[in-house]
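One structure below.
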Amino acid sequence: MQIVRKWALRSTAFIRGISASSTQPTMEYENWTKEELISRLRSLEGKSTMEPAETPRKRKGPRDNFDFSKFPQRKVAFKFSYFGWPYYGLARQGNALGSEEKQKQEDQYPTIEGELFKALAHCKLITGESECDYSRCGRTDRGVSGFGQVVALYVRSVGRFITREEADQLDESQRHLVTCDEFNQGQLVLLPENERELPYVNMLNKLLPQEIRILAWAPVKPDFSARFSCKSRFYRYFFSQDGLDIEAMQQAAAKYLGTHDFRNFCRLDPAKQIKNFERTVLDIAITPVTSQVSFIGEAASTEGKWWQLELHGTAFLWHQVRCMMAILFAVGQKLEPPDIIDQLMDVQTTSGKPEYEMASDLPLVLADCVFDKKDVDWIYVRNPGRDLGSMATLDRSVLKLWSELNTQAVISSALLQNLRDLAVPSGGAGGQESMKPWSECRKQLLDDETVTKSILGAGVIKHSKAYRPILSRKRADPVELRNQAWLERKGGNKRARSDADNAPLG
């Protein structure tokens, strides 16, 4: 009976709340039985369902009925950075926003551009991927990072459409802000001053994954192309000194300088039908990384001394930098002489590319894309000298990610040092085993001359019983033959499809 009374008291409070607006006097429910209270509750619930419920407030979010026609578009360039290892390359998998199937593919194999377009669409900056005149400066493969990648496209602006009469009445100081192009259906647009434009950098960085950061934006002309307007590209490739003769690598790297035929330093795609393989290296150097990454307990270890290849060029072929680096690694290990580069550049003698593995993708970074100042003037903060909040936010986000990665590096370094200090049985005279630190046993194994180790960067090492010089290996067919073979296969496939389509039924 005590339980029923407690339940009755709680029910009284609930029912009084429901009937607070009623003019009827409050009933004394304390003396009611459990069955009477349940019956009363059910009758009240029946009445409450007849009353109109209050419409719940909708949660704020992106509006599906956003009318892009009310807003002008302008062409801009974005400079951004990204770490490549979590992604399947820069280029998106088709039109990731266009179909559910493509979106699933992008979710399964995420790309940097896929994440960028999702953020652009969420901000209502673009209507779609194929309607924004998109161009990229350099396409990086899976695992490759970027510090200064550049893309260009049309995005929504805070500007407004104006009439010819309004344009004629503008002050001289505003007339340079008036534009007219096909992306605005030929209408005149009055763009805002740069500091009054939408905060593109902040808008996108709030939505992008922490590995991708927009660094700056710039207004550009309608005919600007991130690819073809670029004057030069700057790559960096990071590697450990361990097992390498840096001086020999520097001597060999100098041979890349200038304009050469790099067909033996790239991966050929016959579908592109490339016939000109000449590319110009403007500057190249192998320099030490200023901050060393030493192992715990081994501050002087060559494994912790890092170097970087710094490479400036007008344009590069597919996988060119990784192939160039693979040859430098072979020279640094004394597996190949420095003049191997001269022989590979002599396409009359070496007409087909010999088989060799590329260097790892992980240490490669597209460090910068260079444009004329008159074409691109980067804006890093909205109000120079006054508003540095966006830069502070950017710095904090990059520092946070660096701290996480650096912590992982220190932890793995500590584990490696524990292994090096571990005592292991190494055998001994008279059947008595002796214990030695693993670091000593490891050195004996590394000095084994019966095994050849080919360094490919980022800890990737290929082991073989005997090293075969590159020029003595099997070679691919010359470029001209491979291109012709692809055309013949394509023509044969077309003829086969045509014959199948024209075949009589039945």
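Residues in the structure tokens are named by chain (A, B, ... in the order shown) and by number from 1 within that chain; ligands are numbered from 1 in the order shown.
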- Query: Which residues, written as a PyMOL selection string, have at least one atom at most 6 Å from region 197-211 of chain A, with only C-alpha atoms counted and residues fewer than 3 positions away on the same chain left out?
  - Reply: chain A and resi 82-83+119+158+192+194+214
Now that the selection is made, can you save its residues with C-alpha atoms as an mmCIF file, in the first residue's frame?
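Final output, saved to again_9.cif:
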data_model
loop_
_atom_site.group_PDB
_atom_site.id
_atom_site.type_symbol
_atom_site.label_atom_id
_atom_site.label_comp_id
_atom_site.auth_asym_id
_atom_site.auth_seq_id
_atom_site.Cartn_x
_atom_site.Cartn_y
_atom_site.Cartn_z
ATOM 1 C CA TYR A 82 47.213 18.449 -46.575
ATOM 2 C CA PHE A 83 48.813 15.304 -45.230
ATOM 3 C CA ALA A 119 32.895 21.366 -47.586
ATOM 4 C CA VAL A 158 28.686 38.472 -51.002
ATOM 5 C CA PRO A 192 33.022 43.707 -52.343
ATOM 6 C CA ASN A 194 38.497 41.796 -50.183
ATOM 7 C CA ILE A 214 42.954 26.195 -46.323
#
- Item | Those in region 25-270 of chain A with strand (DSSP E or B) from DSSP, as number ranges by chain | A: 73-82, 135-136, 145-156, 160-162, 178-179, 188-190, 212-219, 232-240, 258-261
Got time to write the residues from that selection, C-alpha atoms, as a PDB file, in the first residue's frame?
ATOM      1  CA  GLN A  73      29.771  34.144 -58.369  1.00  0.00           C
ATOM      2  CA  ARG A  74      33.396  35.110 -58.568  1.00  0.00           C
ATOM      3  CA  LYS A  75      36.528  33.205 -59.510  1.00  0.00           C
ATOM      4  CA  VAL A  76      39.024  32.650 -56.726  1.00  0.00           C
ATOM      5  CA  ALA A  77      42.112  30.560 -56.017  1.00  0.00           C
ATOM      6  CA  PHE A  78      42.659  28.628 -52.800  1.00  0.00           C
ATOM      7  CA  LYS A  79      46.055  27.678 -51.399  1.00  0.00           C
ATOM      8  CA  PHE A  80      45.843  24.735 -49.031  1.00  0.00           C
ATOM      9  CA  SER A  81      47.913  22.097 -47.270  1.00  0.00           C
ATOM     10  CA  TYR A  82      47.213  18.449 -46.575  1.00  0.00           C
ATOM     11  CA  SER A 135      41.286  23.494 -62.048  1.00  0.00           C
ATOM     12  CA  ARG A 136      44.139  22.161 -59.929  1.00  0.00           C
ATOM     13  CA  SER A 145      51.351  15.522 -49.089  1.00  0.00           C
ATOM     14  CA  GLY A 146      51.078  19.174 -50.024  1.00  0.00           C
ATOM     15  CA  PHE A 147      52.081  22.407 -48.305  1.00  0.00           C
ATOM     16  CA  GLY A 148      51.078  24.807 -51.072  1.00  0.00           C
ATOM     17  CA  GLN A 149      48.620  23.102 -53.417  1.00  0.00           C
ATOM     18  CA  VAL A 150      46.451  25.498 -55.441  1.00  0.00           C
ATOM     19  CA  VAL A 151      43.017  25.131 -57.012  1.00  0.00           C
ATOM     20  CA  ALA A 152      40.840  27.695 -58.780  1.00  0.00           C
ATOM     21  CA  LEU A 153      37.060  27.779 -59.185  1.00  0.00           C
ATOM     22  CA  TYR A 154      33.950  29.976 -59.134  1.00  0.00           C
ATOM     23  CA  VAL A 155      32.320  30.379 -55.712  1.00  0.00           C
ATOM     24  CA  ARG A 156      29.443  32.357 -54.259  1.00  0.00           C
ATOM     25  CA  ARG A 160      25.440  41.996 -55.691  1.00  0.00           C
ATOM     26  CA  PHE A 161      24.013  42.290 -59.179  1.00  0.00           C
ATOM     27  CA  ILE A 162      23.722  45.836 -60.491  1.00  0.00           C
ATOM     28  CA  VAL A 178      32.584  45.617 -61.392  1.00  0.00           C
ATOM     29  CA  THR A 179      32.803  42.336 -63.348  1.00  0.00           C
ATOM     30  CA  LEU A 188      27.041  43.120 -64.065  1.00  0.00           C
ATOM     31  CA  VAL A 189      28.344  42.294 -60.586  1.00  0.00           C
ATOM     32  CA  LEU A 190      29.669  44.678 -57.969  1.00  0.00           C
ATOM     33  CA  ILE A 212      43.412  19.498 -44.730  1.00  0.00           C
ATOM     34  CA  ARG A 213      43.798  23.238 -44.086  1.00  0.00           C
ATOM     35  CA  ILE A 214      42.954  26.195 -46.323  1.00  0.00           C
ATOM     36  CA  LEU A 215      45.860  28.625 -45.969  1.00  0.00           C
ATOM     37  CA  ALA A 216      44.817  31.570 -48.135  1.00  0.00           C
ATOM     38  CA  TRP A 217      42.563  32.733 -50.949  1.00  0.00           C
ATOM     39  CA  ALA A 218      42.969  35.182 -53.808  1.00  0.00           C
ATOM     40  CA  PRO A 219      40.669  36.810 -56.371  1.00  0.00           C
ATOM     41  CA  SER A 232      56.913  26.625 -61.430  1.00  0.00           C
ATOM     42  CA  ARG A 233      56.387  23.921 -58.840  1.00  0.00           C
ATOM     43  CA  PHE A 234      58.513  23.159 -55.802  1.00  0.00           C
ATOM     44  CA  TYR A 235      58.826  19.641 -54.371  1.00  0.00           C
ATOM     45  CA  ARG A 236      60.572  18.379 -51.256  1.00  0.00           C
ATOM     46  CA  TYR A 237      61.501  14.783 -50.482  1.00  0.00           C
ATOM     47  CA  PHE A 238      62.581  13.913 -46.917  1.00  0.00           C
ATOM     48  CA  PHE A 239      64.901  11.002 -46.114  1.00  0.00           C
ATOM     49  CA  SER A 240      67.155   9.659 -43.378  1.00  0.00           C
ATOM     50  CA  GLY A 258      68.453  22.007 -66.851  1.00  0.00           C
ATOM     51  CA  THR A 259      66.188  20.776 -69.660  1.00  0.00           C
ATOM     52  CA  HIS A 260      66.329  17.040 -70.349  1.00  0.00           C
ATOM     53  CA  ASP A 261      64.258  14.174 -71.709  1.00  0.00           C
TER      54      ASP A 261
END
- Give me the residues within 12 Å of region 430-444 of chain A as a list in words, counting only C-alpha atoms and dropping any in the same chain fewer than 6 places off. Glu298, Leu416, Gln417, Asn418, Leu419, Arg420, Asp421, Leu422, Ala423 and Val424 of chain A
- Message: Can you tell me, as JSON, numbers by chain, which residues in region 246-476 of chain A count as helix (DSSP H, G or I) by DSSP?
- Response: {"A": [246, 247, 248, 249, 250, 251, 252, 253, 254, 255, 256, 263, 264, 265, 270, 271, 272, 302, 303, 304, 320, 321, 322, 323, 324, 325, 326, 327, 328, 329, 330, 331, 332, 340, 341, 342, 343, 344, 345, 389, 390, 391, 392, 393, 394, 395, 396, 397, 398, 399, 400, 401, 402, 403, 404, 405, 406, 407, 408, 409, 410, 411, 412, 413, 414, 415, 416, 417, 418, 419, 420, 421, 429, 430, 431, 438, 439, 440, 441, 442, 443, 444, 445, 446, 470, 471, 472]}
- Query: Which polymer residues have any atom within 10 Å of an atom of region 357-366 of chain A, counting only C-alpha atoms, with same-chain residues fewer than 2 positions away left out, as a PyMOL selection string?
  - Reply: chain A and resi 81-85+138-149+233-239+265-267+308-311+319-329+354-355+368-369+454-462
- Proximity to Arg279 (chain A) - best of A:Trp402, A:Tyr88, A:Trp378, A:Phe262, only C-alpha atoms: A:Phe262
- Query: From the list A:Tyr109, A:Trp306, A:Phe117, A:Tyr134, which residue is nearest Val289 (chain A) when using only C-alpha atoms?
  - Reply: A:Trp306
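CA of Pro110 (chain A) lies 7.9 Å from CA of Arg92 (chain A).
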- Quick one: everything within 8 Å of Ala248 (chain A), counting only C-alpha atoms, minus sequence neighbours fewer than 5 positions away in the same chain. Send it as an NGL selection string. :A and (331-332 or 338)
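Taking CA of Gly427 (chain A) and CA of Ser412 (chain A) as the two end points, the separation is 29.2 Å.
Counting only C-alpha atoms, Glu193 (chain A) has the following residues at most 9 Å away, ignoring those fewer than 2 positions along the same chain: Gln174, Leu177, Leu191, Glu195, Arg196 and Glu197 of chain A.
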Let me see the file: selected residues, N, CA, C and O atoms, as a PDB file, in the first residue's frame.
ATOM      1  N   GLN A 174      35.398  52.492 -57.079  1.00  0.00           N
ATOM      2  CA  GLN A 174      34.626  51.252 -57.048  1.00  0.00           C
ATOM      3  C   GLN A 174      34.525  50.566 -58.402  1.00  0.00           C
ATOM      4  O   GLN A 174      34.155  49.397 -58.466  1.00  0.00           O
ATOM      5  N   LEU A 177      35.789  47.128 -59.212  1.00  0.00           N
ATOM      6  CA  LEU A 177      35.131  45.999 -58.571  1.00  0.00           C
ATOM      7  C   LEU A 177      33.979  45.441 -59.404  1.00  0.00           C
ATOM      8  O   LEU A 177      33.368  44.445 -59.025  1.00  0.00           O
ATOM      9  N   LEU A 191      31.518  43.519 -56.945  1.00  0.00           N
ATOM     10  CA  LEU A 191      32.164  42.707 -55.925  1.00  0.00           C
ATOM     11  C   LEU A 191      32.527  43.555 -54.713  1.00  0.00           C
ATOM     12  O   LEU A 191      32.766  44.762 -54.841  1.00  0.00           O
ATOM     13  N   GLU A 195      38.376  42.596 -47.878  1.00  0.00           N
ATOM     14  CA  GLU A 195      38.145  42.401 -46.445  1.00  0.00           C
ATOM     15  C   GLU A 195      36.668  42.254 -46.097  1.00  0.00           C
ATOM     16  O   GLU A 195      36.319  41.860 -44.976  1.00  0.00           O
ATOM     17  N   ARG A 196      35.779  42.570 -47.064  1.00  0.00           N
ATOM     18  CA  ARG A 196      34.338  42.441 -46.826  1.00  0.00           C
ATOM     19  C   ARG A 196      33.737  41.221 -47.512  1.00  0.00           C
ATOM     20  O   ARG A 196      32.538  41.005 -47.447  1.00  0.00           O
ATOM     21  N   GLU A 197      34.594  40.441 -48.179  1.00  0.00           N
ATOM     22  CA  GLU A 197      34.108  39.233 -48.837  1.00  0.00           C
ATOM     23  C   GLU A 197      33.828  38.155 -47.804  1.00  0.00           C
ATOM     24  O   GLU A 197      34.191  38.271 -46.626  1.00  0.00           O
TER      25      GLU A 197
END
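Of the listed residues (A:Ser229, A:Leu388, A:Ser43, A:Lys465), A:Ser229 comes nearest to Lys373 (chain A); the distances count only C-alpha atoms.
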- Message: Applying 10 Å and only C-alpha atoms, which residues near Phe228 (chain A) remain after dropping the ones on its own chain fewer than 3 positions away? List them as a count of residues only.
- Response: 8
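Coordinates place CA of Ala330 (chain A) at a distance of 13.0 Å from CA of Glu247 (chain A).
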